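**Student:** Shown below is the structure under consideration.
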Amino acid sequence: MAADADTFRKFVDLVSSQLDEGGAHADELASRLHLSRSQLDRVVSATAGETAGRFRRRILMERAAYRLVMGDLGVLDVAVEAGYSSHEAFTRAFRRAYGASPSSWRQRPQSLQLDVPNGVHFQPPGGLRLPARTQVTSMDLLVTMTEHHLWLTAEMIDRAGGLSTAQLDAPIELSVDGIDKFPTVRSLLSRLVGQLDMWNQAVADQPYDVAVEEHESLRSMRNRLAASGPVFLSHVRDAAERGSFDDTFVDATGGSPLFFTYGGMVAHVLTYPAHRRTLVVGALSSAGLDLQDDPLAWEPVRPPGPTLPHTDSSDRGHRDSSALGRTNR
């Protein structure tokens, strides 16, 4: 029922707001919702498959597991925070929930989320996560990856404005044969923008003049990206919405007709630019212009709480960066 679902969400919000206080007991939660304890248990059990008290204790236990891993609190401190009066009582409850003692689990942690049917869990660092109302499909992910690529390209162009002409045109020694000859920050950024523009023209069966990429200014790159980025993204979104990544288009601008699928185009654009972006971000970092390029830390997809450990530019060499031979597209 809609009324029960609304009451359950209010209950979840109330539990979340009480976490820093160790969580109010179920009787108090019921009172704040203007319900009797039995009414609250009925609603929560029907909606979540567990009583209000069990729900609250589980959330506090999941938070305790997080505290054991991410904090430096002692086990007793974590136990008290979770509402237990003794180390022994907490250890017994934790072992029942996670199959290991708190100290052992701290050394070899597994998933924080306990197995329950409702999908509501503690969300680090201090909230609750409800099941998503909409399902994210693989096609949605392709759109998001394209959006990240466009965002990062724009960010790199902006950061490159802090480089001198000599730094923009300095050869980048670390490269891969068969992708770019004599890459520089300028040439890589121009190619990132040019690749989008080139594919847009291919879809429209129009020629692309690669000469625009010869010693292109950052201003020109910004202008071209502002024009070509939304167009390319619209192709990806349209294919995702219609489920038409297998649809074929013909590029006859170079003489002999070439046949491509929209899915192949998107996969291509998301594959080779990753190498170019890594080189540019590394060059920017060497010049003192750091930019967090990892999608894990990108705001639209980053969850609350710690996401990435601290890294510096020396860590970049350990990231996967491989590619096979390709055309200039």
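Within each chain, counting starts at residue 1; across the structure tokens, chains are named A, B, ... in the order shown, with ligands numbered 1 upward in that order.
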With range 140-151 of chain A as the partner and 9 Å as the cut-off, tabulate the residues of range 213-258 of chain A that qualify, each row holding the nearest pair of atoms and their distance in Å to one decimal, using only C-alpha atoms, sorted by chain and rising number, as CSV.
**Tutor:**
residue,atom,partner,partner_atom,distance
A:Leu225,CA,A:Leu150,CA,8.1
A:Gly229,CA,A:Leu150,CA,6.4
A:Pro230,CA,A:Leu150,CA,8.7
A:Phe232,CA,A:Thr146,CA,8.8
A:Leu233,CA,A:Thr146,CA,6.8
A:Val236,CA,A:Val143,CA,6.2
A:Arg237,CA,A:Val143,CA,6.1
A:Ala240,CA,A:Asp140,CA,6.9
A:Glu241,CA,A:Asp140,CA,8.7
**Student:** Determine, counting only C-alpha atoms, which protein, DNA and RNA residues have an atom within 12 Å of an atom of Met61 in chain A; residues of the same chain fewer than 5 positions away are not included. Present the result as a VMD selection string.
**Tutor:** chain A and resid 19 22 to 23 54 to 56 66 to 68 78 to 84 90 to 98 102 112 to 114 121 to 122
**Student:** Nearest to Ala297 in chain A: which of A:Asp251, A:His25, A:Leu196, A:Leu152 is it, counting only C-alpha atoms?
**Tutor:**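 Under the stated criterion, the closest residue is A:Leu152.
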**Student:** Go through range 33-226 of chain A and collect every residue that DSSP, computed from the backbone, puts in helix (DSSP H, G or I); the answer should be as an mmCIF file with N, CA and C atoms, in the first residue's frame.
**Tutor:**
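Saved to selection.cif:
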data_model
loop_
_atom_site.group_PDB
_atom_site.id
_atom_site.type_symbol
_atom_site.label_atom_id
_atom_site.label_comp_id
_atom_site.auth_asym_id
_atom_site.auth_seq_id
_atom_site.Cartn_x
_atom_site.Cartn_y
_atom_site.Cartn_z
ATOM 1 N N ARG A 37 3.900 0.689 18.829
ATOM 2 C CA ARG A 37 5.006 -0.204 18.459
ATOM 3 C C ARG A 37 4.499 -1.319 17.556
ATOM 4 N N SER A 38 3.329 -1.856 17.852
ATOM 5 C CA SER A 38 2.802 -2.949 17.030
ATOM 6 C C SER A 38 2.452 -2.470 15.625
ATOM 7 N N GLN A 39 1.929 -1.244 15.512
ATOM 8 C CA GLN A 39 1.626 -0.699 14.186
ATOM 9 C C GLN A 39 2.906 -0.528 13.370
ATOM 10 N N LEU A 40 3.945 0.001 14.018
ATOM 11 C CA LEU A 40 5.214 0.202 13.311
ATOM 12 C C LEU A 40 5.803 -1.133 12.871
ATOM 13 N N ASP A 41 5.780 -2.125 13.755
ATOM 14 C CA ASP A 41 6.315 -3.438 13.391
ATOM 15 C C ASP A 41 5.542 -4.046 12.226
ATOM 16 N N ARG A 42 4.228 -3.838 12.213
ATOM 17 C CA ARG A 42 3.422 -4.383 11.119
ATOM 18 C C ARG A 42 3.817 -3.748 9.795
ATOM 19 N N VAL A 43 3.952 -2.420 9.784
ATOM 20 C CA VAL A 43 4.291 -1.715 8.548
ATOM 21 C C VAL A 43 5.690 -2.094 8.074
ATOM 22 N N VAL A 44 6.655 -2.061 8.989
ATOM 23 C CA VAL A 44 8.041 -2.349 8.610
ATOM 24 C C VAL A 44 8.191 -3.809 8.194
ATOM 25 N N SER A 45 7.551 -4.717 8.896
ATOM 26 C CA SER A 45 7.641 -6.136 8.543
ATOM 27 C C SER A 45 7.027 -6.404 7.178
ATOM 28 N N ALA A 46 5.879 -5.768 6.916
ATOM 29 C CA ALA A 46 5.216 -5.978 5.628
ATOM 30 C C ALA A 46 6.026 -5.396 4.479
ATOM 31 N N THR A 47 6.717 -4.296 4.737
ATOM 32 C CA THR A 47 7.461 -3.615 3.674
ATOM 33 C C THR A 47 8.883 -4.136 3.535
ATOM 34 N N ALA A 48 9.524 -4.411 4.678
ATOM 35 C CA ALA A 48 10.952 -4.731 4.662
ATOM 36 C C ALA A 48 11.270 -6.176 5.015
ATOM 37 N N ALA A 52 10.821 -3.571 13.123
ATOM 38 C CA ALA A 52 11.499 -2.281 13.264
ATOM 39 C C ALA A 52 12.750 -2.409 14.127
ATOM 40 N N GLY A 53 12.642 -3.172 15.218
ATOM 41 C CA GLY A 53 13.799 -3.340 16.093
ATOM 42 C C GLY A 53 14.933 -4.084 15.414
ATOM 43 N N ARG A 54 14.609 -5.151 14.697
ATOM 44 C CA ARG A 54 15.643 -5.911 13.993
ATOM 45 C C ARG A 54 16.272 -5.055 12.886
ATOM 46 N N PHE A 55 15.451 -4.289 12.194
ATOM 47 C CA PHE A 55 15.957 -3.399 11.140
ATOM 48 C C PHE A 55 16.977 -2.427 11.727
ATOM 49 N N ARG A 56 16.599 -1.772 12.829
ATOM 50 C CA ARG A 56 17.484 -0.792 13.460
ATOM 51 C C ARG A 56 18.789 -1.438 13.910
ATOM 52 N N ARG A 57 18.706 -2.611 14.552
ATOM 53 C CA ARG A 57 19.922 -3.281 15.030
ATOM 54 C C ARG A 57 20.823 -3.691 13.870
ATOM 55 N N ARG A 58 20.217 -4.132 12.775
ATOM 56 C CA ARG A 58 21.035 -4.534 11.616
ATOM 57 C C ARG A 58 21.774 -3.339 11.028
ATOM 58 N N ILE A 59 21.090 -2.208 10.893
ATOM 59 C CA ILE A 59 21.738 -1.017 10.344
ATOM 60 C C ILE A 59 22.908 -0.594 11.230
ATOM 61 N N LEU A 60 22.697 -0.618 12.544
ATOM 62 C CA LEU A 60 23.779 -0.269 13.462
ATOM 63 C C LEU A 60 24.928 -1.267 13.364
ATOM 64 N N MET A 61 24.614 -2.542 13.117
ATOM 65 C CA MET A 61 25.660 -3.552 12.973
ATOM 66 C C MET A 61 26.449 -3.322 11.684
ATOM 67 N N GLU A 62 25.767 -2.983 10.599
ATOM 68 C CA GLU A 62 26.477 -2.684 9.351
ATOM 69 C C GLU A 62 27.374 -1.465 9.524
ATOM 70 N N ARG A 63 26.879 -0.463 10.257
ATOM 71 C CA ARG A 63 27.730 0.698 10.506
ATOM 72 C C ARG A 63 28.923 0.317 11.371
ATOM 73 N N ALA A 64 28.711 -0.554 12.341
ATOM 74 C CA ALA A 64 29.818 -1.005 13.183
ATOM 75 C C ALA A 64 30.883 -1.700 12.342
ATOM 76 N N ALA A 65 30.448 -2.514 11.385
ATOM 77 C CA ALA A 65 31.407 -3.184 10.501
ATOM 78 C C ALA A 65 32.219 -2.156 9.718
ATOM 79 N N TYR A 66 31.553 -1.104 9.262
ATOM 80 C CA TYR A 66 32.254 -0.027 8.543
ATOM 81 C C TYR A 66 33.253 0.669 9.465
ATOM 82 N N ARG A 67 32.830 0.945 10.696
ATOM 83 C CA ARG A 67 33.715 1.621 11.644
ATOM 84 C C ARG A 67 34.960 0.775 11.941
ATOM 85 N N LEU A 68 34.788 -0.524 12.002
ATOM 86 C CA LEU A 68 35.930 -1.395 12.270
ATOM 87 C C LEU A 68 36.979 -1.289 11.176
ATOM 88 N N VAL A 69 36.530 -1.145 9.943
ATOM 89 C CA VAL A 69 37.456 -1.119 8.808
ATOM 90 C C VAL A 69 38.044 0.268 8.594
ATOM 91 N N MET A 70 37.196 1.298 8.649
ATOM 92 C CA MET A 70 37.620 2.634 8.248
ATOM 93 C C MET A 70 38.154 3.484 9.396
ATOM 94 N N VAL A 75 37.492 -2.055 19.528
ATOM 95 C CA VAL A 75 36.273 -2.852 19.376
ATOM 96 C C VAL A 75 35.229 -2.452 20.411
ATOM 97 N N LEU A 76 35.639 -2.181 21.644
ATOM 98 C CA LEU A 76 34.680 -1.797 22.680
ATOM 99 C C LEU A 76 34.016 -0.468 22.340
ATOM 100 N N ASP A 77 34.777 0.472 21.813
ATOM 101 C CA ASP A 77 34.199 1.764 21.427
ATOM 102 C C ASP A 77 33.170 1.584 20.318
ATOM 103 N N VAL A 78 33.488 0.730 19.361
ATOM 104 C CA VAL A 78 32.543 0.451 18.275
ATOM 105 C C VAL A 78 31.299 -0.221 18.836
ATOM 106 N N ALA A 79 31.495 -1.118 19.790
ATOM 107 C CA ALA A 79 30.368 -1.826 20.400
ATOM 108 C C ALA A 79 29.428 -0.859 21.106
ATOM 109 N N VAL A 80 29.988 0.047 21.895
ATOM 110 C CA VAL A 80 29.165 1.023 22.618
ATOM 111 C C VAL A 80 28.412 1.911 21.638
ATOM 112 N N GLU A 81 29.081 2.327 20.577
ATOM 113 C CA GLU A 81 28.445 3.163 19.563
ATOM 114 C C GLU A 81 27.273 2.439 18.909
ATOM 115 N N HIS A 87 31.812 -5.758 25.487
ATOM 116 C CA HIS A 87 32.586 -6.313 24.386
ATOM 117 C C HIS A 87 32.061 -7.695 24.021
ATOM 118 N N GLU A 88 31.721 -8.484 25.025
ATOM 119 C CA GLU A 88 31.293 -9.863 24.786
ATOM 120 C C GLU A 88 29.971 -9.920 24.032
ATOM 121 N N ALA A 89 29.006 -9.082 24.449
ATOM 122 C CA ALA A 89 27.692 -9.089 23.789
ATOM 123 C C ALA A 89 27.823 -8.660 22.330
ATOM 124 N N PHE A 90 28.645 -7.651 22.088
ATOM 125 C CA PHE A 90 28.847 -7.184 20.717
ATOM 126 C C PHE A 90 29.527 -8.257 19.879
ATOM 127 N N THR A 91 30.525 -8.921 20.449
ATOM 128 C CA THR A 91 31.249 -9.956 19.713
ATOM 129 C C THR A 91 30.320 -11.096 19.317
ATOM 130 N N ARG A 92 29.449 -11.505 20.243
ATOM 131 C CA ARG A 92 28.506 -12.578 19.923
ATOM 132 C C ARG A 92 27.563 -12.157 18.794
ATOM 133 N N ALA A 93 27.025 -10.951 18.882
ATOM 134 C CA ALA A 93 26.096 -10.466 17.856
ATOM 135 C C ALA A 93 26.804 -10.289 16.518
ATOM 136 N N PHE A 94 28.024 -9.787 16.558
ATOM 137 C CA PHE A 94 28.777 -9.572 15.318
ATOM 138 C C PHE A 94 29.100 -10.908 14.655
ATOM 139 N N ARG A 95 29.474 -11.892 15.458
ATOM 140 C CA ARG A 95 29.805 -13.207 14.901
ATOM 141 C C ARG A 95 28.573 -13.845 14.254
ATOM 142 N N ARG A 96 27.403 -13.684 14.885
ATOM 143 C CA ARG A 96 26.178 -14.217 14.288
ATOM 144 C C ARG A 96 25.887 -13.547 12.947
ATOM 145 N N ALA A 97 26.170 -12.264 12.868
ATOM 146 C CA ALA A 97 25.850 -11.514 11.647
ATOM 147 C C ALA A 97 26.864 -11.754 10.537
ATOM 148 N N TYR A 98 28.158 -11.741 10.875
ATOM 149 C CA TYR A 98 29.208 -11.763 9.854
ATOM 150 C C TYR A 98 30.042 -13.038 9.830
ATOM 151 N N PRO A 102 34.794 -9.508 15.589
ATOM 152 C CA PRO A 102 35.128 -8.168 15.092
ATOM 153 C C PRO A 102 36.609 -8.002 14.770
ATOM 154 N N SER A 103 37.470 -8.529 15.618
ATOM 155 C CA SER A 103 38.916 -8.378 15.389
ATOM 156 C C SER A 103 39.356 -9.121 14.136
ATOM 157 N N SER A 104 38.838 -10.335 13.942
ATOM 158 C CA SER A 104 39.198 -11.102 12.745
ATOM 159 C C SER A 104 38.642 -10.448 11.489
ATOM 160 N N TRP A 105 37.411 -9.986 11.574
ATOM 161 C CA TRP A 105 36.774 -9.363 10.405
ATOM 162 C C TRP A 105 37.483 -8.070 10.027
ATOM 163 N N ARG A 106 37.974 -7.353 11.022
ATOM 164 C CA ARG A 106 38.702 -6.104 10.759
ATOM 165 C C ARG A 106 39.944 -6.373 9.910
ATOM 166 N N GLN A 107 40.573 -7.518 10.110
ATOM 167 C CA GLN A 107 41.770 -7.852 9.347
ATOM 168 C C GLN A 107 41.441 -8.314 7.931
ATOM 169 N N SER A 138 23.017 -1.526 -18.946
ATOM 170 C CA SER A 138 24.330 -1.394 -19.573
ATOM 171 C C SER A 138 24.336 -0.250 -20.571
ATOM 172 N N MET A 139 23.194 0.010 -21.198
ATOM 173 C CA MET A 139 23.124 1.123 -22.142
ATOM 174 C C MET A 139 23.223 2.455 -21.408
ATOM 175 N N ASP A 140 22.588 2.542 -20.226
ATOM 176 C CA ASP A 140 22.728 3.750 -19.418
ATOM 177 C C ASP A 140 24.192 3.973 -19.057
ATOM 178 N N LEU A 141 24.896 2.889 -18.766
ATOM 179 C CA LEU A 141 26.307 2.999 -18.399
ATOM 180 C C LEU A 141 27.127 3.543 -19.562
ATOM 181 N N LEU A 142 26.828 3.119 -20.790
ATOM 182 C CA LEU A 142 27.536 3.652 -21.953
ATOM 183 C C LEU A 142 27.336 5.152 -22.071
ATOM 184 N N VAL A 143 26.119 5.606 -21.824
ATOM 185 C CA VAL A 143 25.848 7.045 -21.870
ATOM 186 C C VAL A 143 26.668 7.756 -20.799
ATOM 187 N N THR A 144 26.694 7.204 -19.595
ATOM 188 C CA THR A 144 27.451 7.814 -18.504
ATOM 189 C C THR A 144 28.943 7.848 -18.818
ATOM 190 N N MET A 145 29.474 6.782 -19.394
ATOM 191 C CA MET A 145 30.892 6.761 -19.765
ATOM 192 C C MET A 145 31.201 7.817 -20.816
ATOM 193 N N THR A 146 30.292 8.016 -21.745
ATOM 194 C CA THR A 146 30.485 9.053 -22.761
ATOM 195 C C THR A 146 30.442 10.429 -22.118
ATOM 196 N N GLU A 147 29.516 10.629 -21.198
ATOM 197 C CA GLU A 147 29.427 11.917 -20.498
ATOM 198 C C GLU A 147 30.713 12.198 -19.730
ATOM 199 N N HIS A 148 31.260 11.168 -19.087
ATOM 200 C CA HIS A 148 32.522 11.352 -18.362
ATOM 201 C C HIS A 148 33.653 11.714 -19.316
ATOM 202 N N HIS A 149 33.697 11.058 -20.465
ATOM 203 C CA HIS A 149 34.731 11.353 -21.458
ATOM 204 C C HIS A 149 34.654 12.810 -21.905
ATOM 205 N N LEU A 150 33.463 13.295 -22.181
ATOM 206 C CA LEU A 150 33.297 14.685 -22.620
ATOM 207 C C LEU A 150 33.664 15.655 -21.501
ATOM 208 N N TRP A 151 33.231 15.334 -20.290
ATOM 209 C CA TRP A 151 33.562 16.201 -19.150
ATOM 210 C C TRP A 151 35.067 16.281 -18.938
ATOM 211 N N LEU A 152 35.726 15.121 -18.956
ATOM 212 C CA LEU A 152 37.160 15.086 -18.687
ATOM 213 C C LEU A 152 37.941 15.786 -19.794
ATOM 214 N N THR A 153 37.518 15.631 -21.035
ATOM 215 C CA THR A 153 38.193 16.324 -22.135
ATOM 216 C C THR A 153 38.121 17.833 -21.937
ATOM 217 N N ALA A 154 36.951 18.328 -21.558
ATOM 218 C CA ALA A 154 36.801 19.766 -21.310
ATOM 219 C C ALA A 154 37.672 20.216 -20.145
ATOM 220 N N GLU A 155 37.728 19.408 -19.079
ATOM 221 C CA GLU A 155 38.552 19.754 -17.924
ATOM 222 C C GLU A 155 40.029 19.810 -18.294
ATOM 223 N N MET A 156 40.481 18.871 -19.104
ATOM 224 C CA MET A 156 41.889 18.842 -19.498
ATOM 225 C C MET A 156 42.243 20.053 -20.353
ATOM 226 N N ILE A 157 41.352 20.440 -21.239
ATOM 227 C CA ILE A 157 41.604 21.630 -22.060
ATOM 228 C C ILE A 157 41.717 22.861 -21.166
ATOM 229 N N ASP A 158 40.832 22.957 -20.177
ATOM 230 C CA ASP A 158 40.893 24.094 -19.256
ATOM 231 C C ASP A 158 42.190 24.086 -18.456
ATOM 232 N N ARG A 159 42.591 22.929 -17.950
ATOM 233 C CA ARG A 159 43.837 22.853 -17.173
ATOM 234 C C ARG A 159 45.041 23.167 -18.053
ATOM 235 N N ALA A 160 44.977 22.767 -19.307
ATOM 236 C CA ALA A 160 46.100 23.021 -20.215
ATOM 237 C C ALA A 160 46.317 24.510 -20.435
ATOM 238 N N THR A 165 53.511 27.619 -23.896
ATOM 239 C CA THR A 165 53.528 27.063 -25.247
ATOM 240 C C THR A 165 54.531 25.919 -25.345
ATOM 241 N N ALA A 166 55.676 26.093 -24.695
ATOM 242 C CA ALA A 166 56.696 25.043 -24.726
ATOM 243 C C ALA A 166 56.188 23.764 -24.067
ATOM 244 N N GLN A 167 55.450 23.901 -22.973
ATOM 245 C CA GLN A 167 54.911 22.719 -22.300
ATOM 246 C C GLN A 167 53.810 22.056 -23.121
ATOM 247 N N LEU A 168 52.997 22.867 -23.790
ATOM 248 C CA LEU A 168 51.939 22.315 -24.637
ATOM 249 C C LEU A 168 52.506 21.468 -25.766
ATOM 250 N N VAL A 185 50.814 17.406 -25.495
ATOM 251 C CA VAL A 185 49.539 17.739 -24.865
ATOM 252 C C VAL A 185 48.606 18.371 -25.882
ATOM 253 N N ARG A 186 49.146 19.275 -26.699
ATOM 254 C CA ARG A 186 48.317 19.954 -27.694
ATOM 255 C C ARG A 186 47.746 18.966 -28.712
ATOM 256 N N SER A 187 48.595 18.102 -29.247
ATOM 257 C CA SER A 187 48.125 17.193 -30.295
ATOM 258 C C SER A 187 47.128 16.170 -29.748
ATOM 259 N N LEU A 188 47.353 15.716 -28.513
ATOM 260 C CA LEU A 188 46.441 14.738 -27.928
ATOM 261 C C LEU A 188 45.074 15.347 -27.640
ATOM 262 N N LEU A 189 45.063 16.557 -27.094
ATOM 263 C CA LEU A 189 43.785 17.219 -26.822
ATOM 264 C C LEU A 189 43.032 17.498 -28.117
ATOM 265 N N SER A 190 43.760 17.945 -29.126
ATOM 266 C CA SER A 190 43.122 18.231 -30.413
ATOM 267 C C SER A 190 42.551 16.960 -31.028
ATOM 268 N N ARG A 191 43.267 15.830 -30.865
ATOM 269 C CA ARG A 191 42.771 14.563 -31.403
ATOM 270 C C ARG A 191 41.543 14.071 -30.643
ATOM 271 N N LEU A 192 41.527 14.288 -29.332
ATOM 272 C CA LEU A 192 40.360 13.906 -28.543
ATOM 273 C C LEU A 192 39.111 14.630 -29.029
ATOM 274 N N VAL A 193 39.253 15.921 -29.283
ATOM 275 C CA VAL A 193 38.122 16.695 -29.806
ATOM 276 C C VAL A 193 37.845 16.300 -31.248
ATOM 277 N N GLY A 194 38.915 16.161 -32.028
ATOM 278 C CA GLY A 194 38.763 15.840 -33.442
ATOM 279 C C GLY A 194 38.097 14.501 -33.675
ATOM 280 N N GLN A 195 38.349 13.541 -32.790
ATOM 281 C CA GLN A 195 37.735 12.226 -32.952
ATOM 282 C C GLN A 195 36.216 12.320 -32.851
ATOM 283 N N LEU A 196 35.735 13.111 -31.911
ATOM 284 C CA LEU A 196 34.287 13.314 -31.786
ATOM 285 C C LEU A 196 33.724 13.976 -33.032
ATOM 286 N N ASP A 197 34.406 15.023 -33.465
ATOM 287 C CA ASP A 197 33.965 15.763 -34.654
ATOM 288 C C ASP A 197 33.987 14.863 -35.885
ATOM 289 N N MET A 198 35.035 14.055 -36.004
ATOM 290 C CA MET A 198 35.188 13.171 -37.155
ATOM 291 C C MET A 198 34.049 12.150 -37.229
ATOM 292 N N TRP A 199 33.707 11.561 -36.087
ATOM 293 C CA TRP A 199 32.626 10.576 -36.095
ATOM 294 C C TRP A 199 31.269 11.223 -36.342
ATOM 295 N N ASN A 200 31.084 12.428 -35.833
ATOM 296 C CA ASN A 200 29.833 13.142 -36.135
ATOM 297 C C ASN A 200 29.686 13.349 -37.634
ATOM 298 N N GLN A 201 30.786 13.729 -38.271
ATOM 299 C CA GLN A 201 30.754 13.949 -39.719
ATOM 300 C C GLN A 201 30.531 12.631 -40.458
ATOM 301 N N ALA A 202 31.111 11.550 -39.941
ATOM 302 C CA ALA A 202 30.921 10.249 -40.588
ATOM 303 C C ALA A 202 29.454 9.823 -40.535
ATOM 304 N N VAL A 203 28.812 10.038 -39.385
ATOM 305 C CA VAL A 203 27.390 9.703 -39.264
ATOM 306 C C VAL A 203 26.563 10.525 -40.246
ATOM 307 N N VAL A 210 41.075 17.074 -41.320
ATOM 308 C CA VAL A 210 41.967 16.836 -40.194
ATOM 309 C C VAL A 210 42.987 17.955 -40.031
ATOM 310 N N ALA A 211 43.113 18.825 -41.039
ATOM 311 C CA ALA A 211 44.077 19.923 -40.958
ATOM 312 C C ALA A 211 43.777 20.868 -39.804
ATOM 313 N N VAL A 212 42.532 20.875 -39.339
ATOM 314 C CA VAL A 212 42.169 21.762 -38.237
ATOM 315 C C VAL A 212 42.926 21.399 -36.964
ATOM 316 N N GLU A 213 43.439 20.179 -36.905
ATOM 317 C CA GLU A 213 44.144 19.722 -35.712
ATOM 318 C C GLU A 213 45.625 20.095 -35.713
ATOM 319 N N LEU A 218 43.965 26.228 -27.901
ATOM 320 C CA LEU A 218 43.049 25.731 -26.884
ATOM 321 C C LEU A 218 41.663 26.345 -27.048
ATOM 322 N N ARG A 219 41.609 27.599 -27.455
ATOM 323 C CA ARG A 219 40.308 28.246 -27.673
ATOM 324 C C ARG A 219 39.530 27.531 -28.766
ATOM 325 N N SER A 220 40.220 27.182 -29.842
ATOM 326 C CA SER A 220 39.557 26.461 -30.927
ATOM 327 C C SER A 220 39.062 25.096 -30.444
ATOM 328 N N MET A 221 39.879 24.428 -29.622
ATOM 329 C CA MET A 221 39.451 23.127 -29.087
ATOM 330 C C MET A 221 38.192 23.273 -28.244
ATOM 331 N N ARG A 222 38.158 24.292 -27.383
ATOM 332 C CA ARG A 222 36.971 24.508 -26.546
ATOM 333 C C ARG A 222 35.737 24.722 -27.412
ATOM 334 N N ASN A 223 35.880 25.545 -28.431
ATOM 335 C CA ASN A 223 34.735 25.844 -29.297
ATOM 336 C C ASN A 223 34.268 24.599 -30.047
ATOM 337 N N ARG A 224 35.224 23.828 -30.546
ATOM 338 C CA ARG A 224 34.840 22.624 -31.289
ATOM 339 C C ARG A 224 34.204 21.587 -30.366
ATOM 340 N N LEU A 225 34.747 21.453 -29.151
ATOM 341 C CA LEU A 225 34.175 20.498 -28.205
ATOM 342 C C LEU A 225 32.759 20.912 -27.810
ATOM 343 N N ALA A 226 32.547 22.206 -27.625
ATOM 344 C CA ALA A 226 31.211 22.693 -27.265
ATOM 345 C C ALA A 226 30.197 22.375 -28.352
#
**Student:** Which distance in Å separates CA of Glu299 in chain A and CA of Pro124 in chain A, to one decimal?
**Tutor:**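 Value for the CA of Glu299 in chain A-CA of Pro124 in chain A distance: 15.7 Å.
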**Student:** Go through A:Ala204, A:His268, A:Leu279, A:Gly162 and flag the residue nearest Phe249 in chain A, using only C-alpha atoms for the distances.
**Tutor:**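 Distance minimum relative to Phe249 in chain A lands on A:Ala204.
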**Student:** What's the separation between CA of Arg276 in chain A and CA of Ser256 in chain A, in Å to one decimal place?
**Tutor:**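 CA of Ser256 in chain A lies at a distance of 28.5 Å from CA of Arg276 in chain A.
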**Student:** Considering only C-alpha atoms, state which residue in the set A:Val266, A:Lys10, A:Ser228, A:Ile172 is at the smallest distance from Phe245 in chain A.
**Tutor:** A:Val266
**Student:** For each of A:Ser286, A:Thr278, A:Ser101, A:Ser234, take the minimum atom-to-atom distance to Tyr262 in chain A, counting only C-alpha atoms, then give the residue where this is smallest.
**Tutor:**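 Using only C-alpha atoms, the shortest distance to Tyr262 in chain A belongs to A:Ser234.
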**Student:** Can you pull out every residue from range 61-168 of chain A that DSSP, working from the backbone, puts in strand (DSSP E or B), and format the result as a list in words?
**Tutor:**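 Everything in range 61-168 of chain A that counts as strand (DSSP E or B) is His121, Phe122, Gln123, Gly127, Leu128 and Arg129 of chain A.
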**Student:** Given the selection you just returned, output its residues as a file containing N, CA and C atoms, formatted as an mmCIF file, in the first residue's frame.
**Tutor:**
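What follows is the written file selection_24.cif:
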data_model
loop_
_atom_site.group_PDB
_atom_site.id
_atom_site.type_symbol
_atom_site.label_atom_id
_atom_site.label_comp_id
_atom_site.auth_asym_id
_atom_site.auth_seq_id
_atom_site.Cartn_x
_atom_site.Cartn_y
_atom_site.Cartn_z
ATOM 1 N N HIS A 121 20.351 -0.579 3.272
ATOM 2 C CA HIS A 121 21.599 -0.857 3.977
ATOM 3 C C HIS A 121 22.250 0.435 4.444
ATOM 4 N N PHE A 122 23.186 0.274 5.388
ATOM 5 C CA PHE A 122 24.002 1.408 5.800
ATOM 6 C C PHE A 122 24.827 1.879 4.618
ATOM 7 N N GLN A 123 24.842 3.189 4.405
ATOM 8 C CA GLN A 123 25.595 3.779 3.295
ATOM 9 C C GLN A 123 26.683 4.670 3.877
ATOM 10 N N GLY A 127 24.835 7.320 6.363
ATOM 11 C CA GLY A 127 23.439 7.350 5.943
ATOM 12 C C GLY A 127 22.933 5.969 5.599
ATOM 13 N N LEU A 128 21.762 5.923 4.983
ATOM 14 C CA LEU A 128 21.177 4.667 4.546
ATOM 15 C C LEU A 128 20.960 4.703 3.048
ATOM 16 N N ARG A 129 21.080 3.538 2.432
ATOM 17 C CA ARG A 129 20.837 3.419 0.995
ATOM 18 C C ARG A 129 19.591 2.594 0.773
#
**Student:** To one decimal place, how far is CA of Gly49 in chain A from CA of Asp13 in chain A in Å?
**Tutor:**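 Separating CA of Gly49 in chain A from CA of Asp13 in chain A is a distance of 17.5 Å.
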**Student:** Please provide the set of residues having any atom within 10 Å of Phe182 in chain A, restricted to only C-alpha atoms, with same-chain residues fewer than 4 positions apart removed, written as number ranges by chain.
**Tutor:** A: 169-175, 177, 187-188
